[in-house]
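> TSV, C-alpha atoms, file coords07.tsv:
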```
chain	number	residue	atom	x	y	z
A	1	MET	CA	104.54	79.22	92.25
A	2	ASN	CA	101.22	79.56	94.00
A	3	THR	CA	99.55	82.79	93.03
A	4	SER	CA	96.41	84.71	93.89
A	5	GLN	CA	94.88	87.56	91.93
A	6	ASP	CA	95.98	91.05	92.88
A	7	THR	CA	92.94	92.99	94.09
A	8	ILE	CA	94.74	95.10	96.72
A	9	TYR	CA	93.69	98.42	95.18
A	10	ALA	CA	90.37	97.31	93.72
A	11	GLN	CA	88.27	99.07	96.36
A	12	PRO	CA	88.36	102.82	96.99
A	13	ASN	CA	90.45	103.86	100.01
A	14	GLU	CA	90.20	107.24	101.70
A	15	HIS	CA	93.86	107.06	102.73
A	16	ILE	CA	96.48	105.41	100.53
A	17	SER	CA	99.44	104.20	102.58
A	18	ASP	CA	102.94	103.97	101.13
A	19	PHE	CA	103.51	100.72	99.27
A	20	GLN	CA	105.05	97.95	101.39
A	21	PHE	CA	106.12	94.40	100.60
A	22	ASP	CA	103.91	93.06	103.37
A	23	GLN	CA	101.89	89.86	103.71
A	24	ARG	CA	99.11	91.18	101.47
A	25	VAL	CA	101.54	91.97	98.66
A	26	ALA	CA	103.48	88.73	99.12
A	27	GLY	CA	100.28	86.76	98.61
A	28	VAL	CA	99.56	88.30	95.21
A	29	PHE	CA	103.03	89.40	94.10
A	30	SER	CA	103.43	86.92	91.25
A	31	ASP	CA	100.17	88.11	89.69
A	32	MET	CA	100.94	91.76	90.45
A	33	ILE	CA	104.32	91.81	88.76
A	34	ARG	CA	103.17	89.74	85.76
A	35	ARG	CA	100.35	92.23	85.11
A	36	SER	CA	102.41	95.34	85.90
A	37	VAL	CA	105.90	94.82	84.45
A	38	PRO	CA	106.10	94.28	80.68
A	39	GLY	CA	108.72	91.72	79.74
A	40	TYR	CA	109.12	90.35	83.27
A	41	THR	CA	109.10	86.70	82.17
A	42	GLN	CA	111.71	87.43	79.49
A	43	ILE	CA	113.93	89.12	82.06
A	44	ILE	CA	113.65	86.23	84.52
A	45	ASN	CA	114.41	83.63	81.86
A	46	THR	CA	117.40	85.59	80.58
A	47	LEU	CA	118.86	85.87	84.08
A	48	GLY	CA	119.25	82.10	83.92
A	49	ASP	CA	120.95	82.37	80.53
A	50	PHE	CA	123.38	84.99	81.86
A	51	ALA	CA	124.09	82.77	84.86
A	52	ASP	CA	124.95	79.88	82.58
A	53	ARG	CA	127.50	82.09	80.81
A	54	PHE	CA	129.02	83.96	83.74
A	55	VAL	CA	128.74	81.97	86.96
A	56	LYS	CA	132.03	80.21	87.67
A	57	PRO	CA	132.46	77.10	89.86
A	58	ASN	CA	132.99	77.73	93.58
A	59	THR	CA	131.79	81.34	93.44
A	60	GLN	CA	128.77	83.12	94.86
A	61	VAL	CA	125.68	84.68	93.29
A	62	TYR	CA	123.77	87.48	95.00
A	63	ASP	CA	120.08	88.14	94.40
A	64	LEU	CA	119.53	91.47	96.15
A	65	GLY	CA	115.84	92.08	96.70
A	66	CYS	CA	114.91	88.51	95.86
A	67	SER	CA	111.14	88.81	96.62
A	68	LEU	CA	109.53	85.41	95.91
A	69	GLY	CA	112.69	83.93	94.41
A	70	ALA	CA	111.90	83.98	90.68
A	71	ALA	CA	115.39	85.21	89.73
A	72	THR	CA	117.08	82.80	92.16
A	73	LEU	CA	115.12	79.86	90.76
A	74	SER	CA	115.99	80.81	87.17
A	75	ILE	CA	119.67	81.10	88.03
A	76	ARG	CA	119.76	77.94	90.15
A	77	ARG	CA	118.34	75.84	87.31
A	78	GLN	CA	121.29	76.82	85.09
A	79	ILE	CA	124.23	76.37	87.48
A	80	GLN	CA	123.69	72.84	88.77
A	81	GLY	CA	126.88	71.07	89.74
A	82	ARG	CA	129.11	74.15	89.93
A	83	GLN	CA	129.43	74.07	93.75
A	84	CYS	CA	128.13	77.62	93.94
A	85	ARG	CA	126.11	79.34	96.61
A	86	ILE	CA	123.28	81.80	96.00
A	87	ILE	CA	122.74	84.50	98.63
A	88	ALA	CA	119.17	85.77	98.30
A	89	VAL	CA	118.36	88.86	100.35
A	90	ASP	CA	115.11	90.67	101.08
A	91	ASN	CA	113.96	92.88	103.95
A	92	SER	CA	110.41	91.49	103.94
A	93	GLU	CA	109.85	88.41	106.10
A	94	SER	CA	106.55	87.81	104.28
A	95	MET	CA	108.27	87.68	100.91
A	96	LEU	CA	111.07	85.44	102.19
A	97	SER	CA	108.62	83.00	103.75
A	98	ARG	CA	106.96	82.47	100.36
A	99	CYS	CA	110.36	82.46	98.67
A	100	GLN	CA	111.39	79.53	100.88
A	101	GLU	CA	108.24	77.64	99.87
A	102	ASN	CA	108.98	78.23	96.18
A	103	LEU	CA	112.61	77.14	96.49
A	104	SER	CA	111.66	74.02	98.45
A	105	ALA	CA	109.43	72.86	95.61
A	106	TYR	CA	112.47	72.15	93.41
A	107	VAL	CA	115.35	69.78	94.19
A	108	SER	CA	118.78	71.29	93.59
A	109	ASN	CA	122.40	70.73	94.60
A	110	THR	CA	123.02	74.49	94.66
A	111	ASP	CA	122.69	75.91	98.17
A	112	VAL	CA	120.61	79.06	98.68
A	113	ASP	CA	121.06	81.22	101.77
A	114	LEU	CA	117.94	83.28	102.44
A	115	ILE	CA	118.75	86.41	104.43
A	116	CYS	CA	116.18	88.78	105.88
A	117	GLY	CA	118.00	92.08	105.93
A	118	ASP	CA	118.86	95.36	104.28
A	119	ILE	CA	120.79	94.88	101.04
A	120	ARG	CA	122.90	97.92	101.98
A	121	ASP	CA	124.32	95.93	104.90
A	122	ILE	CA	125.22	92.75	103.00
A	123	GLU	CA	128.89	91.92	102.48
A	124	ILE	CA	129.58	90.89	98.89
A	125	GLN	CA	132.56	88.67	98.14
A	126	ASN	CA	133.74	86.10	95.59
A	127	ALA	CA	130.77	86.99	93.38
A	128	SER	CA	130.54	85.98	89.75
A	129	MET	CA	127.00	87.39	89.38
A	130	VAL	CA	124.90	89.97	91.21
A	131	VAL	CA	121.24	90.66	90.42
A	132	LEU	CA	119.28	93.79	91.29
A	133	ASN	CA	115.90	92.99	89.77
A	134	PHE	CA	113.63	96.04	90.28
A	135	THR	CA	115.30	96.72	93.63
A	136	LEU	CA	117.56	99.76	93.32
A	137	GLN	CA	114.56	102.01	92.54
A	138	PHE	CA	113.27	101.45	96.09
A	139	LEU	CA	116.47	102.63	97.77
A	140	PRO	CA	116.89	106.32	98.67
A	141	PRO	CA	118.69	107.92	95.70
A	142	GLU	CA	121.56	109.04	97.94
A	143	ASP	CA	122.32	105.39	98.86
A	144	ARG	CA	122.53	103.98	95.34
A	145	ASP	CA	126.12	104.90	94.49
A	146	ALA	CA	127.47	103.22	97.63
A	147	LEU	CA	125.62	99.98	96.89
A	148	ILE	CA	126.90	99.85	93.31
A	149	ALA	CA	130.44	100.54	94.61
A	150	LYS	CA	130.11	97.65	97.09
A	151	ILE	CA	128.87	95.33	94.34
A	152	TYR	CA	131.76	96.29	92.07
A	153	GLN	CA	134.30	95.61	94.81
A	154	GLY	CA	132.74	92.21	95.60
A	155	LEU	CA	132.56	91.00	92.01
A	156	ASN	CA	135.37	88.88	90.64
A	157	SER	CA	137.03	90.00	87.41
A	158	GLY	CA	134.70	89.07	84.55
A	159	GLY	CA	131.69	89.00	86.88
A	160	ILE	CA	128.33	90.41	85.81
A	161	LEU	CA	125.79	92.73	87.39
A	162	VAL	CA	122.26	92.57	85.99
A	163	LEU	CA	120.19	95.62	86.90
A	164	SER	CA	116.49	95.81	86.02
A	165	GLU	CA	114.56	99.01	86.74
A	166	LYS	CA	111.64	101.17	85.85
A	167	ILE	CA	113.20	104.18	84.14
A	168	ARG	CA	112.16	107.75	83.51
A	169	PHE	CA	112.96	109.99	80.56
A	170	GLU	CA	114.25	113.55	80.44
A	171	ASP	CA	112.37	114.13	77.18
A	172	ALA	CA	108.82	115.04	78.25
A	173	PRO	CA	106.95	113.77	75.13
A	174	ILE	CA	108.83	110.44	75.33
A	175	GLN	CA	108.08	110.16	79.05
A	176	ALA	CA	104.38	110.82	78.40
A	177	LEU	CA	104.22	108.36	75.50
A	178	LEU	CA	105.91	105.44	77.26
A	179	GLU	CA	104.11	106.06	80.54
A	180	GLU	CA	100.80	105.89	78.68
A	181	GLN	CA	101.89	102.71	76.89
A	182	HIS	CA	102.63	101.18	80.28
A	183	LEU	CA	99.21	102.21	81.58
A	184	ASP	CA	97.61	100.61	78.52
A	185	PHE	CA	99.56	97.44	79.32
A	186	LYS	CA	98.09	97.41	82.82
A	187	ARG	CA	94.58	98.11	81.51
A	188	ALA	CA	94.93	95.25	79.05
A	189	ASN	CA	95.85	93.00	81.97
A	190	GLY	CA	92.62	93.82	83.78
A	191	TYR	CA	93.55	96.65	86.13
A	192	SER	CA	90.87	99.31	86.55
A	193	GLU	CA	91.49	103.05	86.52
A	194	LEU	CA	90.90	103.04	90.29
A	195	GLU	CA	93.52	100.35	90.84
A	196	ILE	CA	96.03	102.12	88.62
A	197	SER	CA	95.47	105.44	90.36
A	198	GLN	CA	95.65	104.09	93.90
A	199	LYS	CA	98.75	101.97	93.18
A	200	ARG	CA	100.48	105.02	91.69
A	201	SER	CA	99.71	107.01	94.86
A	202	ALA	CA	101.06	104.20	97.04
A	203	LEU	CA	104.33	104.06	95.09
A	204	GLU	CA	104.84	107.81	94.76
A	205	ASN	CA	106.97	108.24	97.88
A	206	VAL	CA	108.81	104.91	97.86
A	207	MET	CA	109.89	104.33	94.25
A	208	LYS	CA	112.10	106.94	92.59
A	209	PRO	CA	113.20	105.86	89.09
A	210	ASP	CA	116.41	107.10	87.48
A	211	THR	CA	117.07	107.79	83.81
A	212	LEU	CA	119.05	105.31	81.75
A	213	ASN	CA	121.86	107.86	81.53
A	214	MET	CA	121.97	108.14	85.33
A	215	HIS	CA	122.31	104.38	85.62
A	216	GLN	CA	125.13	104.28	83.08
A	217	GLN	CA	126.98	107.16	84.74
A	218	ARG	CA	126.66	105.52	88.16
A	219	LEU	CA	127.96	102.17	86.94
A	220	THR	CA	130.88	103.59	84.99
A	221	SER	CA	131.85	106.00	87.79
A	222	GLN	CA	132.08	103.05	90.19
A	223	GLY	CA	134.45	101.19	87.88
A	224	PHE	CA	132.40	99.16	85.39
A	225	SER	CA	133.97	99.54	81.96
A	226	HIS	CA	131.47	97.36	80.06
A	227	PHE	CA	127.80	98.41	80.09
A	228	SER	CA	124.78	97.89	77.89
A	229	LEU	CA	121.03	98.04	77.90
A	230	TRP	CA	119.94	94.54	76.86
A	231	PHE	CA	116.16	94.81	77.24
A	232	GLN	CA	113.57	97.57	77.20
A	233	CYS	CA	109.81	97.58	76.96
A	234	PHE	CA	108.19	100.99	77.40
A	235	ASN	CA	109.58	102.44	80.66
A	236	PHE	CA	111.04	99.19	81.98
A	237	ALA	CA	114.62	98.23	81.25
A	238	SER	CA	117.30	95.72	82.13
A	239	MET	CA	121.00	96.46	81.91
A	240	VAL	CA	124.24	94.48	82.18
A	241	ALA	CA	127.59	95.65	83.49
A	242	ILE	CA	130.72	93.45	83.42
A	243	LYS	CA	133.77	93.92	85.62
```
Show this structure as structure tokens.


Amino acid sequence: MNTSQDTIYAQPNEHISDFQFDQRVAGVFSDMIRRSVPGYTQIINTLGDFADRFVKPNTQVYDLGCSLGAATLSIRRQIQGRQCRIIAVDNSESMLSRCQENLSAYVSNTDVDLICGDIRDIEIQNASMVVLNFTLQFLPPEDRDALIAKIYQGLNSGGILVLSEKIRFEDAPIQALLEEQHLDFKRANGYSELEISQKRSALENVMKPDTLNMHQQRLTSQGFSHFSLWFQCFNFASMVAIK
């Protein structure tokens, strides 16, 4: 994937607008997420491994909030020849445009439908795998239960949901410790204190993390009987739920 260095918040701004997945972000997103999300590469690679295990022939895979297509590409590499279709959805035209470029760079016999739209409006059916990779945290909290319920209904028996999120902690010392570890991670990846501060301000109103317990309660209340945390680094986690 083509990538440019993320310098969006490198200069002081008098007014910090809410974070948006616009053309500026799309142009540097690969660099931004690599330097901001610990374990991101591991998560993307493992999505492909899960796909290999769970995606059945002649079913559909949904990548909800697909951004530049990293998850879709990882999954597509592992399900060649299964006559499956991947439905990749994002509400940012800028992200989808670059996603199309990334997908076009690799030959595959697995069709990918790119949809510019709201993931809350997408019909889910005949799904063997659904991915929410750092997406649910950007939805209004009051809309999250309904989306998980829709995913559960659209999954086939034995299908898997992979949910990756930034998480928060009810225990204040743990929250402080792991938040600081995450900030150290960003500092080690070259972000300045100004960049860290301005990015935090931009995300404050648009990203509302849940606790791990809230995620588990939501998934089990909507019908998932099998749930586990499979990855965590500091305050970033990825979970699996099987129908």

> Which of these, A:Cys84, A:Val130, A:Cys66, A:Ala26, has the shortest distance to Val240 of chain A once you count only C-alpha atoms?

A:Val130

> Rank A:Asn102, A:Val162, A:Pro141, A:Leu155 by their smallest atom-to-atom distance to Ser238 of chain A, using all atoms listed in the file, and report the top residue only.

A:Val162

> Once 8 Å is added on each side, what are the centre and the three edge lengths, in Å to one decimal, of the axis-aligned box enclosing the listed atoms of segment 34-48 of chain A? Present them as JSON.


```
{"center_x": 109.8, "center_y": 88.7, "center_z": 82.7, "size_x": 34.9, "size_y": 29.2, "size_z": 22.4}
```

> What are the closest atom pairs, with distances in Å to one decimal, for all residues of segment 100-122 of chain A lying within 10 Å of segment 144-154 of chain A? Consider all atoms listed in the file, order rows by chain and residue number, and present the result as JSON lines.


```
{"residue": "A:Ile119", "atom": "CA", "partner": "A:Leu147", "partner_atom": "CA", "distance": 8.2}
{"residue": "A:Arg120", "atom": "CA", "partner": "A:Leu147", "partner_atom": "CA", "distance": 6.1}
{"residue": "A:Asp121", "atom": "CA", "partner": "A:Leu147", "partner_atom": "CA", "distance": 9.1}
{"residue": "A:Ile122", "atom": "CA", "partner": "A:Lys150", "partner_atom": "CA", "distance": 9.1}
```

> How would you write as JSON, numbers by chain the residues that get within 8 Å of (108.4, 93.8, 108.1) in the file's frame, counting only C-alpha atoms?

{"A": [21, 22, 91, 92, 93, 94]}

> May I have the residues within 9 Å of segment 169-175 of chain A as a ChimeraX atom specification, using all atoms listed in the file and disregarding those fewer than 5 positions away in the same chain?

/A:180,210-212,235

> Compare A:Phe134, A:Tyr40, A:Phe224, A:Phe50 by their minimum atom-to-atom distance to Glu165 of chain A, counting all atoms listed in the file, and give me the closest one.

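Of A:Phe134, A:Tyr40, A:Phe224, A:Phe50, the one nearest Glu165 of chain A, counting all atoms listed in the file, is A:Phe134.
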
> Using all atoms listed in the file, which residues sit within 8 Å of His226 of chain A once same-chain residues fewer than 5 positions away are excluded, as a PyMOL selection string?

chain A and resi 220+241-243

> What does the distance between atom CA of Thr41 of chain A and atom CA of Arg76 of chain A come to in Å, to one decimal place?

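We find that atom CA of Thr41 of chain A and atom CA of Arg76 of chain A lie 15.9 Å from each other.
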